[in-house]
Structure formats: structure tokens, C-alpha cells
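Participant: Pasting a structure here, questions to come.
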Amino acid sequence: MVDLSQYLPILIFLAIALGLSAAFVFLPMGVSRLTGTNNPDASKLSEYECGFPAFEDSRSQFDVRFYLVAILFIIFDLEAAFLFPWAVSLEFTGWAGWITMMIFLFELIIGFAYAWKVGALEWE
């Protein structure tokens, strides 16, 4: 016989999380309907995409700069995220970890300088 009572705290946690998430989603919608702030008009219901209103066909191409900026943001954001676990575990990794991170940061600086030089960070 398997003792399932160990899973009770997890089930309670999931029930509370589900209840709170439902409250955060549905409570503001209900309050807005009750207080009369729900006034949809044409501008509220219009599509909004990438900073400009939709036009032409939905399959039209976007400027490649949108993708370049997004990729550069993801790259530099992920590289910055590597600094936190490294800083916490620095006493365990010692000099080898420090030197490895300095090489990593040097590569990051080279990539940043290259992106700056080719104009990938400039917006027209």
C-alpha cells in the first residue's frame, strides 16, 4: 500500500496557486464590468503589433532589424544571467572559475564591440 499523504502539501499548494491565478485573472475583469470601466471602442479592439497598426496582408515581412534587436537582447540577457550563479559559486570554483568567466566576458565584449561597429545597435 502506497502512502499518498506525502503528496497532500503539494496538492494544497497547487490548489492555492490555481485559486490565486484565477483570482488575478478573473477578478479584475469582473470588477471592471461592475464599475463600468469596460468600454470597448474601435481603438481598444484594434490590432496592435510591433508599434504600428496592422496593414496589408498578415504575411507581409517585417524589417530584419526587429529580429536583430530581439536576438541581441536574448544573447546579452542570457550572458548576463550566467553571472549570477558564477558569483554565488565563485568560492567553490576558485581561480579556474574566475579565469573562465573572464574569458567569457572578454568574448562578450568582443561580440558587443562587433555589433556596435557594424551598426546593429543603431535604430533609424
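Chain lettering (A, B, ...) mirrors the order of the C-alpha cells, residue numbering begins at 1 for each chain separately, and ligand numbering begins at 1 in order of display.
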Which residues are near Leu83 of chain A? Cut-off 12 Å, only C-alpha atoms, ignore same chain within fewer than 4 positions. Put them as number ranges by chain.

Facilitator: A: 76-79, 87-90, 97-98, 100-102, 104-105, 108

Participant: As an MDAnalysis selection string, which residues of chain A does DSSP assign to helix (DSSP H, G or I)?

Facilitator: chainID A and resid 4:35 42:45 64:81 83:88 90:117

Participant: When you draw a straight line from atom CA of Ile99 of chain A to atom CA of Phe82 of chain A, how long is it in Å?

Facilitator: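 Separation of atom CA of Ile99 of chain A and atom CA of Phe82 of chain A: 14.4 Å.
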
Participant: Could you tell me how far atom CA of Trp86 of chain A lies from atom CA of Ile74 of chain A, in Å and to one decimal?

Facilitator: 18.8 Å
